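Engineer: Provided herewith: work14.pdb, PDB, C-alpha atoms.
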ATOM      1  CA  MET A   1     -24.468-170.251 -89.460
ATOM      2  CA  SER A   2     -24.676-167.613 -86.757
ATOM      3  CA  GLU A   3     -22.296-164.750 -86.072
ATOM      4  CA  SER A   4     -20.672-166.865 -83.354
ATOM      5  CA  ASP A   5     -19.513-169.269 -86.074
ATOM      6  CA  PHE A   6     -17.164-166.555 -87.352
ATOM      7  CA  PRO A   7     -14.899-165.332 -84.545
ATOM      8  CA  LYS A   8     -13.706-161.875 -85.528
ATOM      9  CA  ASP A   9     -10.119-162.677 -84.606
ATOM     10  CA  LYS A  10      -9.983-165.573 -87.070
ATOM     11  CA  PRO A  11     -10.033-165.463 -90.892
ATOM     12  CA  VAL A  12     -13.115-166.653 -92.758
ATOM     13  CA  PHE A  13     -10.959-168.559 -95.268
ATOM     14  CA  ARG A  14      -7.503-170.093 -95.045
ATOM     15  CA  ARG A  15      -6.502-169.393 -98.649
ATOM     16  CA  LEU A  16      -8.322-167.032-101.000
ATOM     17  CA  ALA A  17      -7.371-167.420-104.688
ATOM     18  CA  VAL A  18      -8.101-164.452-106.947
ATOM     19  CA  ILE A  19      -8.065-165.077-110.701
ATOM     20  CA  GLY A  20      -7.685-161.788-112.581
ATOM     21  CA  CYS A  21      -6.114-158.750-110.951
ATOM     22  CA  GLY A  22      -7.405-155.595-112.592
ATOM     23  CA  ASN A  23      -9.619-152.927-111.016
ATOM     24  CA  ILE A  24     -11.999-155.167-109.067
ATOM     25  CA  GLY A  25      -9.628-158.093-108.580
ATOM     26  CA  SER A  26      -6.852-155.953-107.130
ATOM     27  CA  SER A  27      -9.412-154.191-104.928
ATOM     28  CA  VAL A  28     -10.592-157.570-103.613
ATOM     29  CA  VAL A  29      -6.992-158.477-102.809
ATOM     30  CA  ARG A  30      -6.318-155.150-101.101
ATOM     31  CA  ALA A  31      -9.609-155.117 -99.204
ATOM     32  CA  VAL A  32      -9.323-158.662 -97.863
ATOM     33  CA  ARG A  33      -5.751-158.136 -96.725
ATOM     34  CA  ALA A  34      -6.572-154.724 -95.213
ATOM     35  CA  ALA A  35      -9.445-156.264 -93.247
ATOM     36  CA  GLY A  36      -6.919-158.553 -91.624
ATOM     37  CA  ASN A  37      -9.478-161.233 -90.846
ATOM     38  CA  GLY A  38     -10.837-162.173 -94.267
ATOM     39  CA  ALA A  39      -8.289-164.751 -95.370
ATOM     40  CA  ALA A  40      -5.051-166.022 -93.877
ATOM     41  CA  HIS A  41      -3.421-166.059 -97.327
ATOM     42  CA  VAL A  42      -4.396-164.239-100.537
ATOM     43  CA  ALA A  43      -3.013-165.775-103.736
ATOM     44  CA  VAL A  44      -3.251-164.177-107.190
ATOM     45  CA  PHE A  45      -3.085-165.336-110.779
ATOM     46  CA  ASP A  46      -3.513-163.223-113.900
ATOM     47  CA  PRO A  47      -3.042-164.480-117.476
ATOM     48  CA  ASP A  48      -1.065-161.359-118.372
ATOM     49  CA  PRO A  49       2.622-161.628-117.321
ATOM     50  CA  ALA A  50       2.871-157.844-117.136
ATOM     51  CA  VAL A  51      -0.016-157.723-114.662
ATOM     52  CA  ARG A  52       1.569-160.455-112.544
ATOM     53  CA  ALA A  53       4.850-158.559-112.534
ATOM     54  CA  ARG A  54       3.088-155.363-111.480
ATOM     55  CA  VAL A  55       1.206-157.131-108.675
ATOM     56  CA  ARG A  56       4.533-158.415-107.392
ATOM     57  CA  GLU A  57       5.975-154.902-107.530
ATOM     58  CA  LEU A  58       2.986-153.489-105.651
ATOM     59  CA  GLY A  59       3.263-156.190-102.997
ATOM     60  CA  ILE A  60      -0.504-156.344-102.528
ATOM     61  CA  ALA A  61      -0.829-160.155-102.437
ATOM     62  CA  ASP A  62       0.682-162.826-100.244
ATOM     63  CA  SER A  63       1.668-164.796-103.339
ATOM     64  CA  VAL A  64       1.528-164.348-107.112
ATOM     65  CA  HIS A  65       1.467-167.440-109.327
ATOM     66  CA  ASP A  66       2.428-167.984-112.951
ATOM     67  CA  GLY A  67      -0.031-170.867-113.372
ATOM     68  CA  ILE A  68      -3.766-170.985-112.815
ATOM     69  CA  VAL A  69      -3.655-174.486-111.372
ATOM     70  CA  GLU A  70      -1.140-173.684-108.670
ATOM     71  CA  VAL A  71      -3.060-170.630-107.493
ATOM     72  CA  VAL A  72      -6.198-172.668-106.708
ATOM     73  CA  GLU A  73      -4.477-175.659-105.138
ATOM     74  CA  GLY A  74      -5.326-175.718-101.451
ATOM     75  CA  ALA A  75      -7.682-172.733-101.758
ATOM     76  CA  ASP A  76     -10.934-172.906 -99.813
ATOM     77  CA  CYS A  77     -12.274-169.894-101.724
ATOM     78  CA  VAL A  78     -11.715-168.956-105.376
ATOM     79  CA  VAL A  79     -12.876-165.616-106.813
ATOM     80  CA  LEU A  80     -13.209-165.207-110.582
ATOM     81  CA  CYS A  81     -12.330-161.604-111.440
ATOM     82  CA  SER A  82     -11.762-161.934-115.180
ATOM     83  CA  PRO A  83     -14.186-160.921-117.991
ATOM     84  CA  VAL A  84     -17.469-162.823-117.629
ATOM     85  CA  ARG A  85     -17.190-164.704-120.921
ATOM     86  CA  THR A  86     -13.970-166.367-119.666
ATOM     87  CA  TYR A  87     -15.592-167.916-116.592
ATOM     88  CA  GLY A  88     -16.733-171.163-118.198
ATOM     89  CA  ALA A  89     -13.337-172.035-119.660
ATOM     90  CA  ILE A  90     -11.539-171.058-116.457
ATOM     91  CA  THR A  91     -13.827-173.195-114.305
ATOM     92  CA  ARG A  92     -13.376-176.152-116.646
ATOM     93  CA  GLU A  93      -9.593-175.804-116.311
ATOM     94  CA  ILE A  94      -9.440-175.474-112.548
ATOM     95  CA  ALA A  95     -12.273-177.894-111.686
ATOM     96  CA  PRO A  96     -10.058-180.991-111.199
ATOM     97  CA  HIS A  97      -7.853-179.026-108.818
ATOM     98  CA  LEU A  98     -10.498-177.448-106.578
ATOM     99  CA  ALA A  99     -10.522-178.724-103.006
ATOM    100  CA  ARG A 100     -13.641-180.474-101.792
ATOM    101  CA  GLY A 101     -15.692-178.020 -99.745
ATOM    102  CA  ALA A 102     -14.180-174.989-101.497
ATOM    103  CA  VAL A 103     -16.352-172.009-102.353
ATOM    104  CA  LEU A 104     -16.257-170.676-105.930
ATOM    105  CA  THR A 105     -17.586-167.182-106.569
ATOM    106  CA  ASP A 106     -17.205-164.310-109.040
ATOM    107  CA  VAL A 107     -17.580-160.544-109.420
ATOM    108  CA  GLY A 108     -19.355-160.277-112.781
ATOM    109  CA  SER A 109     -22.220-157.828-113.265
ATOM    110  CA  VAL A 110     -24.239-160.436-115.208
ATOM    111  CA  LYS A 111     -25.478-163.475-113.327
ATOM    112  CA  MET A 112     -27.768-165.709-115.416
ATOM    113  CA  ALA A 113     -25.119-166.161-118.120
ATOM    114  CA  VAL A 114     -22.510-166.868-115.449
ATOM    115  CA  VAL A 115     -24.704-169.547-113.873
ATOM    116  CA  LYS A 116     -25.276-171.113-117.290
ATOM    117  CA  ASP A 117     -21.541-171.169-118.131
ATOM    118  CA  VAL A 118     -20.057-172.041-114.744
ATOM    119  CA  ALA A 119     -22.514-174.281-112.879
ATOM    120  CA  PRO A 120     -22.131-177.297-115.247
ATOM    121  CA  GLU A 121     -18.356-177.189-114.778
ATOM    122  CA  VAL A 122     -18.342-177.140-110.972
ATOM    123  CA  PRO A 123     -17.364-180.538-109.516
ATOM    124  CA  ASP A 124     -19.298-182.276-106.765
ATOM    125  CA  GLY A 125     -18.374-181.036-103.326
ATOM    126  CA  VAL A 126     -17.506-177.510-104.505
ATOM    127  CA  HIS A 127     -20.001-174.764-103.721
ATOM    128  CA  PHE A 128     -20.705-172.171-106.429
ATOM    129  CA  VAL A 129     -22.107-168.858-105.163
ATOM    130  CA  PRO A 130     -22.300-166.194-107.909
ATOM    131  CA  GLY A 131     -21.649-162.644-106.729
ATOM    132  CA  HIS A 132     -21.448-159.050-107.883
ATOM    133  CA  PRO A 133     -19.938-156.097-106.011
ATOM    134  CA  VAL A 134     -21.870-153.022-107.164
ATOM    135  CA  ALA A 135     -18.789-150.834-107.133
ATOM    136  CA  GLY A 136     -15.888-149.827-109.320
ATOM    137  CA  THR A 137     -14.440-147.123-111.515
ATOM    138  CA  GLU A 138     -13.875-146.701-115.226
ATOM    139  CA  LYS A 139     -10.153-147.274-114.705
ATOM    140  CA  SER A 140      -8.522-150.672-115.180
ATOM    141  CA  GLY A 141      -5.419-152.583-114.157
ATOM    142  CA  PRO A 142      -3.912-153.530-110.789
ATOM    143  CA  ASP A 143      -2.956-149.933-110.004
ATOM    144  CA  ALA A 144      -6.621-148.876-110.233
ATOM    145  CA  GLY A 145      -7.763-150.907-107.229
ATOM    146  CA  PHE A 146      -8.031-149.712-103.652
ATOM    147  CA  ALA A 147      -8.989-151.345-100.362
ATOM    148  CA  GLU A 148     -11.881-148.993 -99.580
ATOM    149  CA  LEU A 149     -13.745-149.613-102.851
ATOM    150  CA  PHE A 150     -16.441-151.840-101.347
ATOM    151  CA  GLN A 151     -17.110-149.937 -98.139
ATOM    152  CA  GLY A 152     -20.772-149.010 -97.912
ATOM    153  CA  ARG A 153     -21.486-150.599-101.318
ATOM    154  CA  TYR A 154     -23.794-153.466-102.092
ATOM    155  CA  TRP A 155     -22.351-156.910-102.733
ATOM    156  CA  LEU A 156     -25.056-159.055-104.309
ATOM    157  CA  LEU A 157     -25.027-162.854-104.067
ATOM    158  CA  THR A 158     -27.260-164.967-106.327
ATOM    159  CA  PRO A 159     -26.967-168.615-105.190
ATOM    160  CA  GLU A 160     -29.204-171.124-106.874
ATOM    161  CA  GLN A 161     -31.777-173.015-104.861
ATOM    162  CA  GLY A 162     -30.160-175.824-102.884
ATOM    163  CA  THR A 163     -26.761-174.122-102.567
ATOM    164  CA  ASP A 164     -24.973-174.971 -99.325
ATOM    165  CA  GLU A 165     -26.053-172.392 -96.739
ATOM    166  CA  GLY A 166     -22.709-172.529 -94.997
ATOM    167  CA  ALA A 167     -20.915-171.480 -98.196
ATOM    168  CA  VAL A 168     -23.268-168.533 -98.643
ATOM    169  CA  SER A 169     -22.826-167.519 -95.003
ATOM    170  CA  ARG A 170     -19.045-167.551 -95.317
ATOM    171  CA  LEU A 171     -19.176-165.228 -98.309
ATOM    172  CA  VAL A 172     -21.626-162.940 -96.539
ATOM    173  CA  GLU A 173     -19.175-162.755 -93.655
ATOM    174  CA  LEU A 174     -16.146-162.236 -95.898
ATOM    175  CA  TRP A 175     -17.603-159.381 -97.920
ATOM    176  CA  SER A 176     -19.111-157.811 -94.813
ATOM    177  CA  ARG A 177     -15.633-157.686 -93.311
ATOM    178  CA  VAL A 178     -14.395-155.602 -96.248
ATOM    179  CA  GLY A 179     -17.197-153.121 -95.574
ATOM    180  CA  ALA A 180     -19.801-154.203 -98.131
ATOM    181  CA  ILE A 181     -23.569-154.410 -97.625
ATOM    182  CA  VAL A 182     -24.322-157.991 -98.629
ATOM    183  CA  GLU A 183     -27.712-159.020-100.014
ATOM    184  CA  VAL A 184     -28.954-162.272-101.535
ATOM    185  CA  MET A 185     -31.289-162.175-104.541
ATOM    186  CA  ASP A 186     -32.487-164.150-107.529
ATOM    187  CA  ALA A 187     -30.082-164.158-110.494
ATOM    188  CA  ALA A 188     -32.718-163.271-113.110
ATOM    189  CA  TYR A 189     -33.989-160.392-110.984
ATOM    190  CA  HIS A 190     -30.412-159.183-110.520
ATOM    191  CA  ASP A 191     -29.852-159.034-114.273
ATOM    192  CA  LYS A 192     -33.060-157.094-114.835
ATOM    193  CA  VAL A 193     -32.253-154.517-112.157
ATOM    194  CA  LEU A 194     -28.646-154.079-113.283
ATOM    195  CA  ALA A 195     -29.751-153.734-116.906
ATOM    196  CA  LEU A 196     -31.577-150.572-115.879
ATOM    197  CA  THR A 197     -29.275-149.149-113.206
ATOM    198  CA  SER A 198     -25.942-149.959-114.838
ATOM    199  CA  HIS A 199     -25.963-151.466-118.294
ATOM    200  CA  LEU A 200     -28.440-149.087-119.949
ATOM    201  CA  PRO A 201     -26.680-145.951-118.597
ATOM    202  CA  HIS A 202     -23.417-147.207-120.055
ATOM    203  CA  LEU A 203     -25.057-147.898-123.399
ATOM    204  CA  ILE A 204     -26.575-144.399-123.447
ATOM    205  CA  ALA A 205     -23.261-142.803-122.510
ATOM    206  CA  TYR A 206     -21.450-144.635-125.298
ATOM    207  CA  THR A 207     -24.185-143.594-127.730
ATOM    208  CA  ILE A 208     -24.118-139.923-126.761
ATOM    209  CA  VAL A 209     -20.358-139.766-127.192
ATOM    210  CA  GLY A 210     -20.682-141.474-130.577
ATOM    211  CA  THR A 211     -23.407-139.030-131.663
ATOM    212  CA  ALA A 212     -21.490-135.992-130.448
ATOM    213  CA  PHE A 213     -18.378-136.925-132.363
ATOM    214  CA  ASP A 214     -20.042-138.166-135.526
ATOM    215  CA  VAL A 215     -19.961-134.646-136.945
ATOM    216  CA  GLU A 216     -17.730-132.485-139.121
ATOM    217  CA  GLU A 217     -14.165-131.893-137.922
ATOM    218  CA  GLN A 218     -14.716-128.299-136.787
ATOM    219  CA  GLU A 219     -17.834-129.252-134.839
ATOM    220  CA  ARG A 220     -15.972-132.149-133.271
ATOM    221  CA  GLN A 221     -13.224-129.826-132.083
ATOM    222  CA  ASP A 222     -15.793-127.429-130.636
ATOM    223  CA  VAL A 223     -17.569-130.280-128.851
ATOM    224  CA  ILE A 224     -14.277-131.063-127.146
ATOM    225  CA  ARG A 225     -13.526-127.397-126.407
ATOM    226  CA  PHE A 226     -16.950-126.447-125.088
ATOM    227  CA  SER A 227     -17.984-129.640-123.316
ATOM    228  CA  ALA A 228     -19.783-128.503-120.192
ATOM    229  CA  GLY A 229     -19.573-130.303-116.872
ATOM    230  CA  GLY A 230     -22.803-132.161-117.571
ATOM    231  CA  PHE A 231     -21.450-133.720-120.750
ATOM    232  CA  ARG A 232     -18.167-134.668-119.113
ATOM    233  CA  ASP A 233     -19.804-136.092-115.992
ATOM    234  CA  PHE A 234     -22.496-138.056-117.800
ATOM    235  CA  THR A 235     -20.163-139.507-120.403
ATOM    236  CA  ARG A 236     -17.335-140.369-117.990
ATOM    237  CA  ILE A 237     -18.471-143.995-117.856
ATOM    238  CA  ALA A 238     -18.065-144.186-121.634
ATOM    239  CA  GLY A 239     -14.345-144.305-120.854
ATOM    240  CA  SER A 240     -14.770-147.866-119.583
ATOM    241  CA  ASP A 241     -13.116-150.630-121.559
ATOM    242  CA  PRO A 242     -15.193-151.670-124.611
ATOM    243  CA  THR A 243     -14.245-155.335-124.403
ATOM    244  CA  MET A 244     -15.911-155.852-121.044
ATOM    245  CA  TRP A 245     -18.996-153.895-122.018
ATOM    246  CA  ARG A 246     -19.328-155.799-125.260
ATOM    247  CA  ASP A 247     -19.396-158.978-123.181
ATOM    248  CA  ILE A 248     -21.950-157.564-120.738
ATOM    249  CA  PHE A 249     -24.377-156.529-123.464
ATOM    250  CA  LEU A 250     -24.052-159.888-125.206
ATOM    251  CA  THR A 251     -24.512-161.942-122.035
ATOM    252  CA  ASN A 252     -27.369-159.853-120.620
ATOM    253  CA  LYS A 253     -28.972-158.970-123.937
ATOM    254  CA  ASP A 254     -32.565-159.942-123.103
ATOM    255  CA  ALA A 255     -32.785-157.738-120.014
ATOM    256  CA  VAL A 256     -30.893-154.898-121.716
ATOM    257  CA  LEU A 257     -33.141-155.010-124.772
ATOM    258  CA  GLU A 258     -36.243-154.951-122.570
ATOM    259  CA  MET A 259     -35.019-151.860-120.714
ATOM    260  CA  LEU A 260     -33.836-150.258-123.951
ATOM    261  CA  GLN A 261     -37.330-150.690-125.416
ATOM    262  CA  ARG A 262     -38.852-148.953-122.396
ATOM    263  CA  PHE A 263     -36.320-146.144-122.724
ATOM    264  CA  ASN A 264     -37.052-145.746-126.424
ATOM    265  CA  GLU A 265     -40.775-145.438-125.689
ATOM    266  CA  ASP A 266     -40.121-142.720-123.108
ATOM    267  CA  LEU A 267     -37.772-140.954-125.513
ATOM    268  CA  THR A 268     -40.411-141.031-128.253
ATOM    269  CA  ALA A 269     -42.913-139.443-125.868
ATOM    270  CA  LEU A 270     -40.427-136.679-125.068
ATOM    271  CA  GLN A 271     -39.815-136.069-128.752
ATOM    272  CA  ARG A 272     -43.549-135.615-129.269
ATOM    273  CA  GLN A 273     -43.860-133.214-126.327
ATOM    274  CA  ILE A 274     -40.970-131.094-127.575
ATOM    275  CA  ARG A 275     -42.242-131.097-131.159
ATOM    276  CA  TYR A 276     -45.728-129.942-130.178
ATOM    277  CA  GLY A 277     -44.646-127.538-127.447
ATOM    278  CA  GLU A 278     -46.253-129.466-124.597
ATOM    279  CA  GLY A 279     -44.454-127.547-121.874
ATOM    280  CA  ASP A 280     -46.722-128.705-119.045
ATOM    281  CA  LYS A 281     -45.996-132.356-119.790
ATOM    282  CA  LEU A 282     -42.262-131.673-120.003
ATOM    283  CA  PHE A 283     -42.359-129.803-116.681
ATOM    284  CA  ASP A 284     -44.252-132.635-114.973
ATOM    285  CA  PHE A 285     -41.828-135.219-116.345
ATOM    286  CA  PHE A 286     -38.735-133.275-115.252
ATOM    287  CA  THR A 287     -40.266-132.715-111.805
ATOM    288  CA  ARG A 288     -40.897-136.440-111.331
ATOM    289  CA  THR A 289     -37.430-137.417-112.502
ATOM    290  CA  ARG A 290     -35.834-134.759-110.275
ATOM    291  CA  ASP A 291     -37.599-136.303-107.280
ATOM    292  CA  VAL A 292     -36.325-139.754-108.249
ATOM    293  CA  ARG A 293     -32.809-138.381-108.555
ATOM    294  CA  ARG A 294     -33.068-136.831-105.101
ATOM    295  CA  SER A 295     -34.138-140.166-103.642
ATOM    296  CA  VAL A 296     -31.052-141.772-105.197
ATOM    297  CA  VAL A 297     -28.795-139.136-103.613
ATOM    298  CA  GLU A 298     -30.503-139.537-100.241
ATOM    299  CA  ALA A 299     -30.057-143.312-100.406
ATOM    300  CA  HIS A 300     -26.362-142.796-101.106
ATOM    301  CA  GLN A 301     -26.006-140.416 -98.153
ATOM    302  CA  ALA A 302     -27.607-143.057 -95.952
ATOM    303  CA  GLY A 303     -24.951-145.560 -97.035
ATOM    304  CA  SER A 304     -27.287-147.447 -99.338
ATOM    305  CA  ASN A 305     -26.178-146.782-102.901
ATOM    306  CA  PRO A 306     -27.369-149.342-105.456
ATOM    307  CA  TRP A 307     -25.211-147.872-108.196
ATOM    308  CA  GLY A 308     -21.872-147.716-106.421
ATOM    309  CA  PRO A 309     -19.168-145.214-107.409
ATOM    310  CA  GLY A 310     -19.228-144.396-111.073
ATOM    311  CA  ALA A 311     -22.884-145.393-111.493
ATOM    312  CA  ASN A 312     -21.973-148.849-112.300
ATOM    313  CA  GLY A 313     -22.330-151.703-110.941
ATOM    314  CA  ASP A 314     -19.864-153.242-112.398
ATOM    315  CA  HIS A 315     -18.859-152.761-112.705
ATOM    316  CA  PRO A 316     -20.968-150.236-113.789
ATOM    317  CA  ALA A 317     -18.094-148.893-114.592
ATOM    318  CA  SER A 318     -17.013-151.759-112.464
ATOM    319  CA  GLU A 319     -16.291-153.672-115.606
ATOM    320  CA  THR A 320     -13.173-153.277-117.661
ATOM    321  CA  GLY A 321     -11.816-155.210-120.594
ATOM    322  CA  LYS A 322      -8.876-156.382-118.552
ATOM    323  CA  PRO A 323      -9.384-158.783-115.651
ATOM    324  CA  LYS A 324     -11.149-156.898-112.911
TER     325      LYS A 324
END
Produce structure tokens that represent the structure in this file.
Structural biologist:
Amino acid sequence: MSESDFPKDKPVFRRLAVIGCGNIGSSVVRAVRAAGNGAAHVAVFDPDPAVRARVRELGIADSVHDGIVEVVEGADCVVLCSPVRTYGAITREIAPHLARGAVLTDVGSVKMAVVKDVAPEVPDGVHFVPGHPVAGTEKSGPDAGFAELFQGRYWLLTPEQGTDEGAVSRLVELWSRVGAIVEVMDAAYHDKVLALTSHLPHLIAYTIVGTAFDVEEQERQDVIRFSAGGFRDFTRIAGSDPTMWRDIFLTNKDAVLEMLQRFNEDLTALQRQIRYGEGDKLFDFFTRTRDVRRSVVEAHQAGSNPWGPGANGDHPASETGKPK
């Protein structure tokens, strides 16, 4: 499809159904409605009655539904914004009610596991295009979302070979209209890259916090009292919900373990250099890593930030234990 196939004064989809309305889900709802030309109607379902009630109070959706079946009926696009390990069961439940020609997508920061769980459940005539907005915060719930979250951030799509090109093009257009930089890549490659740029940093942050507080009571109090900006900034993402991150590490374990092994090897080398006073090697290493860090900052300033706010993804802290 060419740009002319998507007149800017007309919505890309008639009815967009969002399942799960936490940080990312509520941001999707807000962003699509704020764009004004993403979807004519945005419908929401969340399994938590309190979340549904809050979404109604906020007035961010065109309609809020108490049943998952009714939210997808008539939808030509459905976005899964719940924890990734729920996707298979959700797709199985809604499959008989999906309209022929509808596009099914998601926002999970793991893609191979999503393809494995969801693809077998997708009925003929429905187009499954996995996706991942590399944006988010460590906060959760419908109040945590905001319409500008995806502006200037990558939105990665990982369709399998043979996926309907028109479905992919419609999603590219939709997410572009909310301000995202949309790219298409292989699902396995996505998981490997995100394991390093998002999942491993979260694992390290959780570990450092655990190490810092696994001390005597007085030391623990002093760690809290004297935490410098570096400790607070680096460990901020450890405030993300543990349920979601448990699921991410379990569903992307091969890529995470590979990157963790590489990190452990580098850490062992640093231990040796410190132990034997190899200052020149430490200086060279810190110089190289400083240059890499500067390149990351420069990429962000140019509007090309592969980590998104909060160094997530997803999520990375784009993922929360509640529906995104």
Engineer: Using only C-alpha atoms, which of A:Ala188, A:Val32, A:Val110, A:Ile204 sits nearest Phe249 (chain A)?
Structural biologist: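 Closest residue, counting only C-alpha atoms: A:Val110.
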Engineer: Would you mind reading off the distance between CA of Asp191 (chain A) and CA of Ser109 (chain A), one decimal, in Å?
Structural biologist: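 So the answer is 7.8 Å.
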Engineer: What does the distance between CA of Glu258 (chain A) and CA of His202 (chain A) come to in Å, to one decimal place?
Structural biologist: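 So the answer is 15.2 Å.
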Engineer: Would you pick out the contacts of region 157-172 of chain A at 10 Å or less, using all atoms listed in the file, so that residues sharing its chain but fewer than 6 positions from it are not included, and give the list as a ChimeraX atom specification?
Structural biologist: /A:1-3,5-6,12-13,38,77,101-107,111-112,115,119,125-133,180-190
Engineer: Go ahead and compute the interatomic distance for CA of Ala113 (chain A) and CA of Pro83 (chain A), in Å to one decimal.
Structural biologist: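 If I compute the distance from CA of Ala113 (chain A) to CA of Pro83 (chain A), I get 12.1 Å.
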Engineer: Run the PyMOL selection byres ((chain A and resi 67) around 9) on the file and write out the hits as a PyMOL selection string.
Structural biologist: chain A and resi 45-47+65-66+68-71
Engineer: Using the file's own x, y and z axes, so that the box edges lie along x, y and z, what centre and edge lengths in Å (one decimal) does a box around every listed atom of region 127-142 of chain A get when 4 Å is added on each side? Give it as lines of an AutoDock Vina configuration file.
Structural biologist:
center_x = -13.1
center_y = -160.7
center_z = -109.5
size_x = 26.4
size_y = 36.1
size_z = 19.5
Engineer: I'd like the contact shell of Asp48 (chain A) - 12 Å cut-off, only C-alpha atoms, skipping same-chain residues fewer than 5 positions apart - returned as a PyMOL selection string.
Structural biologist: chain A and resi 19-22+53-55+64-68+82+141-142+322-323
Engineer: Once the PyMOL selection byres ((chain A and resi 84-91) around 8) is applied to the coordinates I shared, what remains selected? I want it as an mmCIF file with C-alpha atoms, in the frame of the given file.
Structural biologist:
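out17.cif, written as the output of this step:
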data_model
loop_
_atom_site.group_PDB
_atom_site.id
_atom_site.type_symbol
_atom_site.label_atom_id
_atom_site.label_comp_id
_atom_site.auth_asym_id
_atom_site.auth_seq_id
_atom_site.Cartn_x
_atom_site.Cartn_y
_atom_site.Cartn_z
ATOM 1 C CA LEU A 80 -13.209 -165.207 -110.582
ATOM 2 C CA SER A 82 -11.762 -161.934 -115.180
ATOM 3 C CA PRO A 83 -14.186 -160.921 -117.991
ATOM 4 C CA ARG A 92 -13.376 -176.152 -116.646
ATOM 5 C CA GLU A 93 -9.593 -175.804 -116.311
ATOM 6 C CA ILE A 94 -9.440 -175.474 -112.548
ATOM 7 C CA ALA A 95 -12.273 -177.894 -111.686
ATOM 8 C CA GLY A 108 -19.355 -160.277 -112.781
ATOM 9 C CA VAL A 110 -24.239 -160.436 -115.208
ATOM 10 C CA VAL A 114 -22.510 -166.868 -115.449
ATOM 11 C CA ASP A 117 -21.541 -171.169 -118.131
ATOM 12 C CA VAL A 118 -20.057 -172.041 -114.744
ATOM 13 C CA GLU A 121 -18.356 -177.189 -114.778
ATOM 14 C CA VAL A 122 -18.342 -177.140 -110.972
ATOM 15 C CA MET A 244 -15.911 -155.852 -121.044
ATOM 16 C CA ASP A 247 -19.396 -158.978 -123.181
ATOM 17 C CA ILE A 248 -21.950 -157.564 -120.738
ATOM 18 C CA THR A 251 -24.512 -161.942 -122.035
#
Engineer: Which residue is closest to Pro201 (chain A)? Choose from A:Trp155, A:Phe150, A:Phe285, A:Phe263 and count all atoms listed in the file.
Structural biologist: A:Phe263
Engineer: Given the point (-4.7, -164.3, -103.7) in the coordinates of this file, which residues lie within 6 Å, counting all atoms listed in the file, and how would they look as an mmCIF file with C-alpha atoms, in the frame of the given file?
Structural biologist:
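Wrote it out as point.cif, contents follow:
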data_model
loop_
_atom_site.group_PDB
_atom_site.id
_atom_site.type_symbol
_atom_site.label_atom_id
_atom_site.label_comp_id
_atom_site.auth_asym_id
_atom_site.auth_seq_id
_atom_site.Cartn_x
_atom_site.Cartn_y
_atom_site.Cartn_z
ATOM 1 C CA LEU A 16 -8.322 -167.032 -101.000
ATOM 2 C CA ALA A 17 -7.371 -167.420 -104.688
ATOM 3 C CA VAL A 18 -8.101 -164.452 -106.947
ATOM 4 C CA VAL A 42 -4.396 -164.239 -100.537
ATOM 5 C CA ALA A 43 -3.013 -165.775 -103.736
ATOM 6 C CA VAL A 44 -3.251 -164.177 -107.190
ATOM 7 C CA ALA A 61 -0.829 -160.155 -102.437
#
Engineer: Take the point (-4.9, -150.9, -110.1) as written in the file and pick out every residue within 12 Å of it, counting only C-alpha atoms; give the list as a PyMOL selection string.
Structural biologist: chain A and resi 20-30+51-52+54-55+57-58+60+136-147+149+320+322-324
Engineer: From the set A:Asp9, A:Ala255, A:Tyr154, A:Leu282, which residue has the shortest atom-to-atom contact distance to Leu267 (chain A), counting all atoms listed in the file?
Structural biologist: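 Closest candidate: A:Leu282.
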